$ cat query.csv   # CSV, C-alpha atoms
chain,number,residue,atom,x,y,z
A,1,MET,CA,0.0,0.0,0.0
A,2,LEU,CA,1.2,3.5,-0.9
A,3,LYS,CA,-0.1,6.9,0.2
A,4,ALA,CA,0.3,10.0,-1.9
A,5,ASN,CA,-0.3,13.7,-1.2
A,6,ILE,CA,-1.2,15.8,-4.2
A,7,TYR,CA,-1.1,19.6,-3.9
A,8,VAL,CA,-3.2,21.4,-6.6
A,9,THR,CA,-2.6,25.2,-6.8
A,10,LEU,CA,-3.8,27.9,-9.2
A,11,LYS,CA,-1.0,29.0,-11.5
A,12,ASN,CA,0.6,32.4,-10.9
A,13,GLY,CA,-1.5,35.1,-12.5
A,14,VAL,CA,-4.8,33.2,-12.3
A,15,LEU,CA,-7.3,35.1,-10.2
A,16,ASP,CA,-8.4,33.4,-7.0
A,17,PRO,CA,-11.8,34.9,-6.0
A,18,GLN,CA,-12.1,32.4,-3.1
A,19,GLY,CA,-8.7,33.4,-1.7
A,20,GLU,CA,-9.7,37.1,-2.1
A,21,ALA,CA,-12.9,36.5,-0.2
A,22,VAL,CA,-11.1,34.8,2.6
A,23,LYS,CA,-8.5,37.6,2.8
A,24,LYS,CA,-11.2,40.2,3.1
A,25,SER,CA,-12.9,38.1,5.8
A,26,LEU,CA,-9.6,37.9,7.7
A,27,LYS,CA,-9.2,41.7,7.5
A,28,VAL,CA,-12.7,42.1,8.9
A,29,LEU,CA,-11.7,39.7,11.8
A,30,ASP,CA,-8.8,42.2,12.4
A,31,TYR,CA,-6.0,40.1,10.9
A,32,GLY,CA,-4.6,43.1,9.0
A,33,GLN,CA,-1.2,41.5,8.6
A,34,VAL,CA,-2.5,39.1,6.0
A,35,GLU,CA,-1.1,40.1,2.6
A,36,GLU,CA,-2.5,37.4,0.3
A,37,VAL,CA,-4.4,34.1,0.5
A,38,ARG,CA,-4.5,31.5,-2.3
A,39,ILE,CA,-6.7,28.4,-1.9
A,40,GLY,CA,-5.9,25.1,-3.6
A,41,LYS,CA,-6.7,21.4,-3.1
A,42,PHE,CA,-4.9,18.9,-0.9
A,43,ILE,CA,-5.7,15.4,-2.2
A,44,GLU,CA,-4.8,12.2,-0.4
A,45,VAL,CA,-4.7,9.0,-2.4
A,46,TRP,CA,-4.2,5.5,-1.1
A,47,LEU,CA,-3.0,3.0,-3.7
A,48,GLU,CA,-2.5,-0.8,-3.9
A,49,GLY,CA,1.0,-1.9,-4.7
A,50,ASP,CA,4.4,-0.7,-3.5
A,51,ASP,CA,6.3,0.4,-6.6
A,52,ARG,CA,6.9,4.1,-5.9
A,53,GLU,CA,8.3,4.8,-9.4
A,54,SER,CA,5.2,3.6,-11.3
A,55,ALA,CA,2.8,5.0,-8.7
A,56,LEU,CA,4.3,8.4,-9.1
A,57,LYS,CA,3.9,8.2,-12.9
A,58,GLU,CA,0.3,7.1,-12.6
A,59,LEU,CA,-0.5,9.7,-10.1
A,60,GLU,CA,0.8,12.4,-12.4
A,61,GLU,CA,-1.3,11.0,-15.2
A,62,MET,CA,-4.4,11.0,-12.9
A,63,SER,CA,-3.6,14.6,-12.0
A,64,ASP,CA,-3.3,15.7,-15.6
A,65,LYS,CA,-6.5,13.9,-16.6
A,66,LEU,CA,-8.8,14.4,-13.6
A,67,LEU,CA,-7.5,15.9,-10.4
A,68,ALA,CA,-6.2,19.2,-11.7
A,69,ASN,CA,-7.0,21.4,-14.6
A,70,PRO,CA,-3.6,21.9,-16.3
A,71,VAL,CA,-4.7,25.0,-18.1
A,72,ILE,CA,-5.1,27.0,-14.9
A,73,GLU,CA,-3.6,24.8,-12.2
A,74,ASP,CA,-0.2,23.3,-11.2
A,75,TYR,CA,0.1,20.2,-9.1
A,76,ARG,CA,2.8,18.4,-7.1
A,77,VAL,CA,2.7,14.7,-6.3
A,78,GLU,CA,4.5,13.4,-3.2
A,79,ILE,CA,4.6,9.7,-2.1
A,80,VAL,CA,4.5,9.9,1.7
A,81,GLU,CA,4.1,6.3,3.0
A,82,VAL,CA,5.0,2.9,1.8
A,83,ASN,CA,3.8,-0.1,3.9
B,1,MET,CA,7.3,38.6,5.3
B,2,LEU,CA,6.2,35.1,6.2
B,3,LYS,CA,4.5,32.4,4.2
B,4,ALA,CA,2.4,29.6,5.7
B,5,ASN,CA,0.8,26.5,4.3
B,6,ILE,CA,-2.3,25.3,6.0
B,7,TYR,CA,-3.6,21.8,5.3
B,8,VAL,CA,-7.3,21.3,6.0
B,9,THR,CA,-8.6,17.7,6.0
B,10,LEU,CA,-11.8,16.0,6.9
B,11,LYS,CA,-11.6,14.2,10.3
B,12,ASN,CA,-11.5,10.4,10.2
B,13,GLY,CA,-14.9,9.0,10.0
B,14,VAL,CA,-16.4,12.1,8.2
B,15,LEU,CA,-17.8,11.1,4.8
B,16,ASP,CA,-16.2,12.6,1.8
B,17,PRO,CA,-18.6,12.5,-1.1
B,18,GLN,CA,-16.2,14.5,-3.3
B,19,GLY,CA,-13.4,12.0,-2.7
B,20,GLU,CA,-15.8,9.1,-3.3
B,21,ALA,CA,-16.8,10.7,-6.7
B,22,VAL,CA,-13.2,11.2,-7.7
B,23,LYS,CA,-12.3,7.6,-6.7
B,24,LYS,CA,-15.2,6.3,-8.9
B,25,SER,CA,-14.1,8.4,-11.8
B,26,LEU,CA,-10.5,7.1,-11.5
B,27,LYS,CA,-11.8,3.5,-11.6
B,28,VAL,CA,-13.7,4.4,-14.8
B,29,LEU,CA,-10.4,5.7,-16.2
B,30,ASP,CA,-8.9,2.3,-15.4
B,31,TYR,CA,-7.0,3.2,-12.3
B,32,GLY,CA,-8.3,0.2,-10.4
B,33,GLN,CA,-5.4,0.3,-7.9
B,34,VAL,CA,-6.9,3.3,-6.2
B,35,GLU,CA,-8.2,2.4,-2.7
B,36,GLU,CA,-9.3,5.6,-1.3
B,37,VAL,CA,-9.3,9.4,-2.1
B,38,ARG,CA,-9.9,12.2,0.4
B,39,ILE,CA,-10.0,15.8,-0.6
B,40,GLY,CA,-9.0,18.6,1.5
B,41,LYS,CA,-7.9,22.2,1.2
B,42,PHE,CA,-4.4,23.6,0.7
B,43,ILE,CA,-4.3,27.2,1.8
B,44,GLU,CA,-1.3,29.5,1.3
B,45,VAL,CA,-1.1,32.6,3.4
B,46,TRP,CA,1.4,35.4,3.1
B,47,LEU,CA,1.8,37.6,6.2
B,48,GLU,CA,3.6,40.8,7.2
B,49,GLY,CA,6.2,40.5,9.9
B,50,ASP,CA,8.8,37.9,10.7
B,51,ASP,CA,7.9,36.5,14.2
B,52,ARG,CA,7.3,32.8,13.5
B,53,GLU,CA,6.0,32.1,17.0
B,54,SER,CA,3.2,34.7,17.0
B,55,ALA,CA,2.4,34.1,13.3
B,56,LEU,CA,1.8,30.4,14.1
B,57,LYS,CA,-0.5,31.3,16.9
B,58,GLU,CA,-2.5,33.7,14.8
B,59,LEU,CA,-2.7,31.3,11.9
B,60,GLU,CA,-4.1,28.7,14.2
B,61,GLU,CA,-6.7,31.2,15.5
B,62,MET,CA,-7.6,32.0,11.8
B,63,SER,CA,-8.0,28.3,11.1
B,64,ASP,CA,-10.3,27.8,14.0
B,65,LYS,CA,-12.4,30.8,13.3
B,66,LEU,CA,-12.6,30.8,9.5
B,67,LEU,CA,-10.3,28.6,7.4
B,68,ALA,CA,-11.5,25.2,8.8
B,69,ASN,CA,-14.6,23.9,10.4
B,70,PRO,CA,-13.3,22.4,13.6
B,71,VAL,CA,-16.4,20.2,14.0
B,72,ILE,CA,-15.6,18.1,11.0
B,73,GLU,CA,-12.1,19.2,9.9
B,74,ASP,CA,-8.6,19.0,11.2
B,75,TYR,CA,-5.9,21.5,10.1
B,76,ARG,CA,-2.1,21.7,10.2
B,77,VAL,CA,-0.2,25.0,10.0
B,78,GLU,CA,3.3,25.1,8.7
B,79,ILE,CA,5.5,28.2,8.3
B,80,VAL,CA,7.5,27.6,5.1
B,81,GLU,CA,9.3,30.8,4.3
B,82,VAL,CA,10.7,33.7,6.3
B,83,ASN,CA,12.2,36.6,4.3
$ encode --input "query.csv" --output "structure tokens"
Amino acid sequence: MLKANIYVTLKNGVLDPQGEAVKKSLKVLDYGQVEEVRIGKFIEVWLEGDDRESALKELEEMSDKLLANPVIEDYRVEIVEVN
Amino acid sequence: MLKANIYVTLKNGVLDPQGEAVKKSLKVLDYGQVEEVRIGKFIEVWLEGDDRESALKELEEMSDKLLANPVIEDYRVEIVEVN
């Protein structure tokens, strides 16, 4: 069994209305020191098998096809556990 | 300037319909080795100042009040950059 973390973030320059809204709410709550907020996805995937190399390749494929939108998002795959 | 990453995940036992839907879609795409998918948030926050200690405390407060829903979600705050 393998576990992977996938971090999906908006590319630089892509507007993040959700992040903007959160920033404004934080200012209202008196956290004036907040300069910017960007909100992405943190996806945890558990996989059968224990071949890190091929798992990484497949997880990148999954990210390209389904988990991220490569036009506006970047992603990073990290294998965190091998049991 | 400080940068923090905040990972917001559903607590164990809380159903994740979005993760279930993604898992089903991955099976349809022939990734049968996927056992489970859980989807959380990856929040990046840039802050004025350079006091890691007090920043961490404030970010945990922000998470409790706004960024996460402590009833169903866990969060982890990590300071990643200090310039």
$ residues_around --input "query.csv" --residues "Asn69 (chain A)" --least-positions-apart "2" --cutoff "12 Å" --atoms "only C-alpha atoms" --output "list in words"
Val8, Thr9, Leu10, Lys11, Gly40, Lys41, Glu61, Met62, Ser63, Asp64, Lys65, Leu66, Leu67, Val71, Ile72, Glu73, Asp74 and Tyr75 of chain A
$ write_last_selection --input "query.csv" --atoms "C-alpha atoms" --output "PDB file, keeping the file's coordinate frame"
ATOM      1  CA  VAL A   8      -3.200  21.400  -6.600  1.00  0.00           C
ATOM      2  CA  THR A   9      -2.600  25.200  -6.800  1.00  0.00           C
ATOM      3  CA  LEU A  10      -3.800  27.900  -9.200  1.00  0.00           C
ATOM      4  CA  LYS A  11      -1.000  29.000 -11.500  1.00  0.00           C
ATOM      5  CA  GLY A  40      -5.900  25.100  -3.600  1.00  0.00           C
ATOM      6  CA  LYS A  41      -6.700  21.400  -3.100  1.00  0.00           C
ATOM      7  CA  GLU A  61      -1.300  11.000 -15.200  1.00  0.00           C
ATOM      8  CA  MET A  62      -4.400  11.000 -12.900  1.00  0.00           C
ATOM      9  CA  SER A  63      -3.600  14.600 -12.000  1.00  0.00           C
ATOM     10  CA  ASP A  64      -3.300  15.700 -15.600  1.00  0.00           C
ATOM     11  CA  LYS A  65      -6.500  13.900 -16.600  1.00  0.00           C
ATOM     12  CA  LEU A  66      -8.800  14.400 -13.600  1.00  0.00           C
ATOM     13  CA  LEU A  67      -7.500  15.900 -10.400  1.00  0.00           C
ATOM     14  CA  VAL A  71      -4.700  25.000 -18.100  1.00  0.00           C
ATOM     15  CA  ILE A  72      -5.100  27.000 -14.900  1.00  0.00           C
ATOM     16  CA  GLU A  73      -3.600  24.800 -12.200  1.00  0.00           C
ATOM     17  CA  ASP A  74      -0.200  23.300 -11.200  1.00  0.00           C
ATOM     18  CA  TYR A  75       0.100  20.200  -9.100  1.00  0.00           C
TER      19      TYR A  75
END
$ residues_around --input "query.csv" --residues "Tyr7 (chain A)" --least-positions-apart "5" --cutoff "7 Å" --atoms "only C-alpha atoms" --output "list in words"
Lys41, Phe42, Ile43, Tyr75, Arg76 and Val77 of chain A; Phe42 of chain B
$ interface_residues --input "query.csv" --of "chain A" --to "chain B" --cutoff "7 Å" --atoms "all atoms listed in the file" --output "PyMOL selection string"
chain A and resi 7+33-48
$ write_last_selection --input "query.csv" --atoms "C-alpha atoms" --output "PDB file, keeping the file's coordinate frame"
ATOM      1  CA  TYR A   7      -1.100  19.600  -3.900  1.00  0.00           C
ATOM      2  CA  GLN A  33      -1.200  41.500   8.600  1.00  0.00           C
ATOM      3  CA  VAL A  34      -2.500  39.100   6.000  1.00  0.00           C
ATOM      4  CA  GLU A  35      -1.100  40.100   2.600  1.00  0.00           C
ATOM      5  CA  GLU A  36      -2.500  37.400   0.300  1.00  0.00           C
ATOM      6  CA  VAL A  37      -4.400  34.100   0.500  1.00  0.00           C
ATOM      7  CA  ARG A  38      -4.500  31.500  -2.300  1.00  0.00           C
ATOM      8  CA  ILE A  39      -6.700  28.400  -1.900  1.00  0.00           C
ATOM      9  CA  GLY A  40      -5.900  25.100  -3.600  1.00  0.00           C
ATOM     10  CA  LYS A  41      -6.700  21.400  -3.100  1.00  0.00           C
ATOM     11  CA  PHE A  42      -4.900  18.900  -0.900  1.00  0.00           C
ATOM     12  CA  ILE A  43      -5.700  15.400  -2.200  1.00  0.00           C
ATOM     13  CA  GLU A  44      -4.800  12.200  -0.400  1.00  0.00           C
ATOM     14  CA  VAL A  45      -4.700   9.000  -2.400  1.00  0.00           C
ATOM     15  CA  TRP A  46      -4.200   5.500  -1.100  1.00  0.00           C
ATOM     16  CA  LEU A  47      -3.000   3.000  -3.700  1.00  0.00           C
ATOM     17  CA  GLU A  48      -2.500  -0.800  -3.900  1.00  0.00           C
TER      18      GLU A  48
END
$ atom_distance --input "query.csv" --atom1 "CA of Asp16 (chain B)" --atom2 "CA of Val28 (chain B)"
18.7 Å
$ atom_distance --input "query.csv" --atom1 "CA of Gly13 (chain A)" --atom2 "CA of Ala21 (chain B)"
29.4 Å
$ atom_distance --input "query.csv" --atom1 "CA of Glu53 (chain A)" --atom2 "CA of Asp30 (chain B)"
18.4 Å
$ decode --input "query.csv" --residues "region 38-67 of chain A" --atoms "N, CA, C and O atoms" --output "CSV table (one decimal), in the first residue's frame"
chain,number,residue,atom,x,y,z
A,38,ARG,N,-4.2,32.2,-1.0
A,38,ARG,CA,-4.5,31.5,-2.3
A,38,ARG,C,-5.0,30.1,-1.8
A,38,ARG,O,-4.4,29.5,-0.9
A,39,ILE,N,-6.1,29.7,-2.4
A,39,ILE,CA,-6.7,28.4,-1.9
A,39,ILE,C,-6.6,27.3,-3.0
A,39,ILE,O,-7.0,27.5,-4.2
A,40,GLY,N,-6.0,26.2,-2.6
A,40,GLY,CA,-5.9,25.1,-3.6
A,40,GLY,C,-6.4,23.8,-2.9
A,40,GLY,O,-7.1,23.9,-1.9
A,41,LYS,N,-6.1,22.7,-3.6
A,41,LYS,CA,-6.7,21.4,-3.1
A,41,LYS,C,-5.5,20.6,-2.5
A,41,LYS,O,-4.4,20.6,-3.0
A,42,PHE,N,-5.9,19.8,-1.5
A,42,PHE,CA,-4.9,18.9,-0.9
A,42,PHE,C,-5.6,17.5,-1.0
A,42,PHE,O,-6.6,17.2,-0.3
A,43,ILE,N,-5.1,16.7,-1.9
A,43,ILE,CA,-5.7,15.4,-2.2
A,43,ILE,C,-4.9,14.3,-1.7
A,43,ILE,O,-3.7,14.2,-2.0
A,44,GLU,N,-5.5,13.4,-0.9
A,44,GLU,CA,-4.8,12.2,-0.4
A,44,GLU,C,-5.3,11.0,-1.2
A,44,GLU,O,-6.5,10.8,-1.3
A,45,VAL,N,-4.4,10.2,-1.7
A,45,VAL,CA,-4.7,9.0,-2.4
A,45,VAL,C,-4.0,7.8,-1.8
A,45,VAL,O,-2.8,7.8,-1.6
A,46,TRP,N,-4.8,6.7,-1.6
A,46,TRP,CA,-4.2,5.5,-1.1
A,46,TRP,C,-4.3,4.5,-2.3
A,46,TRP,O,-5.3,4.4,-3.0
A,47,LEU,N,-3.1,3.8,-2.6
A,47,LEU,CA,-3.0,3.0,-3.7
A,47,LEU,C,-2.6,1.6,-3.3
A,47,LEU,O,-1.7,1.4,-2.5
A,48,GLU,N,-3.1,0.6,-4.0
A,48,GLU,CA,-2.5,-0.8,-3.9
A,48,GLU,C,-1.1,-0.8,-4.5
A,48,GLU,O,-0.8,0.0,-5.4
A,49,GLY,N,-0.3,-1.7,-4.1
A,49,GLY,CA,1.0,-1.9,-4.7
A,49,GLY,C,2.1,-1.2,-3.9
A,49,GLY,O,1.8,-0.4,-2.9
A,50,ASP,N,3.4,-1.4,-4.3
A,50,ASP,CA,4.4,-0.7,-3.5
A,50,ASP,C,5.6,-0.2,-4.4
A,50,ASP,O,6.7,0.0,-4.0
A,51,ASP,N,5.3,-0.1,-5.7
A,51,ASP,CA,6.3,0.4,-6.6
A,51,ASP,C,6.1,2.0,-6.7
A,51,ASP,O,5.3,2.5,-7.4
A,52,ARG,N,7.0,2.6,-6.0
A,52,ARG,CA,6.9,4.1,-5.9
A,52,ARG,C,7.0,4.8,-7.3
A,52,ARG,O,6.3,5.7,-7.6
A,53,GLU,N,8.0,4.2,-8.1
A,53,GLU,CA,8.3,4.8,-9.4
A,53,GLU,C,7.0,4.8,-10.3
A,53,GLU,O,6.6,5.9,-10.8
A,54,SER,N,6.4,3.6,-10.4
A,54,SER,CA,5.2,3.6,-11.3
A,54,SER,C,4.0,4.3,-10.7
A,54,SER,O,3.2,4.9,-11.4
A,55,ALA,N,3.9,4.2,-9.4
A,55,ALA,CA,2.8,5.0,-8.7
A,55,ALA,C,2.9,6.5,-9.0
A,55,ALA,O,1.9,7.1,-9.3
A,56,LEU,N,4.1,7.0,-8.9
A,56,LEU,CA,4.3,8.4,-9.1
A,56,LEU,C,3.9,8.8,-10.6
A,56,LEU,O,3.2,9.8,-10.8
A,57,LYS,N,4.3,7.9,-11.5
A,57,LYS,CA,3.9,8.2,-12.9
A,57,LYS,C,2.4,8.2,-13.1
A,57,LYS,O,1.8,9.0,-13.8
A,58,GLU,N,1.8,7.2,-12.5
A,58,GLU,CA,0.3,7.1,-12.6
A,58,GLU,C,-0.4,8.2,-11.9
A,58,GLU,O,-1.4,8.7,-12.4
A,59,LEU,N,0.1,8.6,-10.8
A,59,LEU,CA,-0.5,9.7,-10.1
A,59,LEU,C,-0.4,11.0,-10.9
A,59,LEU,O,-1.3,11.9,-10.9
A,60,GLU,N,0.7,11.2,-11.6
A,60,GLU,CA,0.8,12.4,-12.4
A,60,GLU,C,-0.1,12.4,-13.6
A,60,GLU,O,-0.7,13.4,-14.0
A,61,GLU,N,-0.3,11.2,-14.1
A,61,GLU,CA,-1.3,11.0,-15.2
A,61,GLU,C,-2.7,11.3,-14.7
A,61,GLU,O,-3.5,12.0,-15.3
A,62,MET,N,-3.1,10.8,-13.5
A,62,MET,CA,-4.4,11.0,-12.9
A,62,MET,C,-4.6,12.5,-12.7
A,62,MET,O,-5.7,13.1,-12.9
A,63,SER,N,-3.5,13.2,-12.2
A,63,SER,CA,-3.6,14.6,-12.0
A,63,SER,C,-3.9,15.4,-13.3
A,63,SER,O,-4.7,16.3,-13.3
A,64,ASP,N,-3.2,15.0,-14.3
A,64,ASP,CA,-3.3,15.7,-15.6
A,64,ASP,C,-4.7,15.5,-16.2
A,64,ASP,O,-5.3,16.3,-16.8
A,65,LYS,N,-5.3,14.2,-16.0
A,65,LYS,CA,-6.5,13.9,-16.6
A,65,LYS,C,-7.7,14.3,-15.8
A,65,LYS,O,-8.8,14.7,-16.3
A,66,LEU,N,-7.6,14.3,-14.4
A,66,LEU,CA,-8.8,14.4,-13.6
A,66,LEU,C,-8.7,15.3,-12.4
A,66,LEU,O,-9.6,16.1,-12.1
A,67,LEU,N,-7.5,15.2,-11.7
A,67,LEU,CA,-7.5,15.9,-10.4
A,67,LEU,C,-7.2,17.4,-10.5
A,67,LEU,O,-7.6,18.1,-9.7
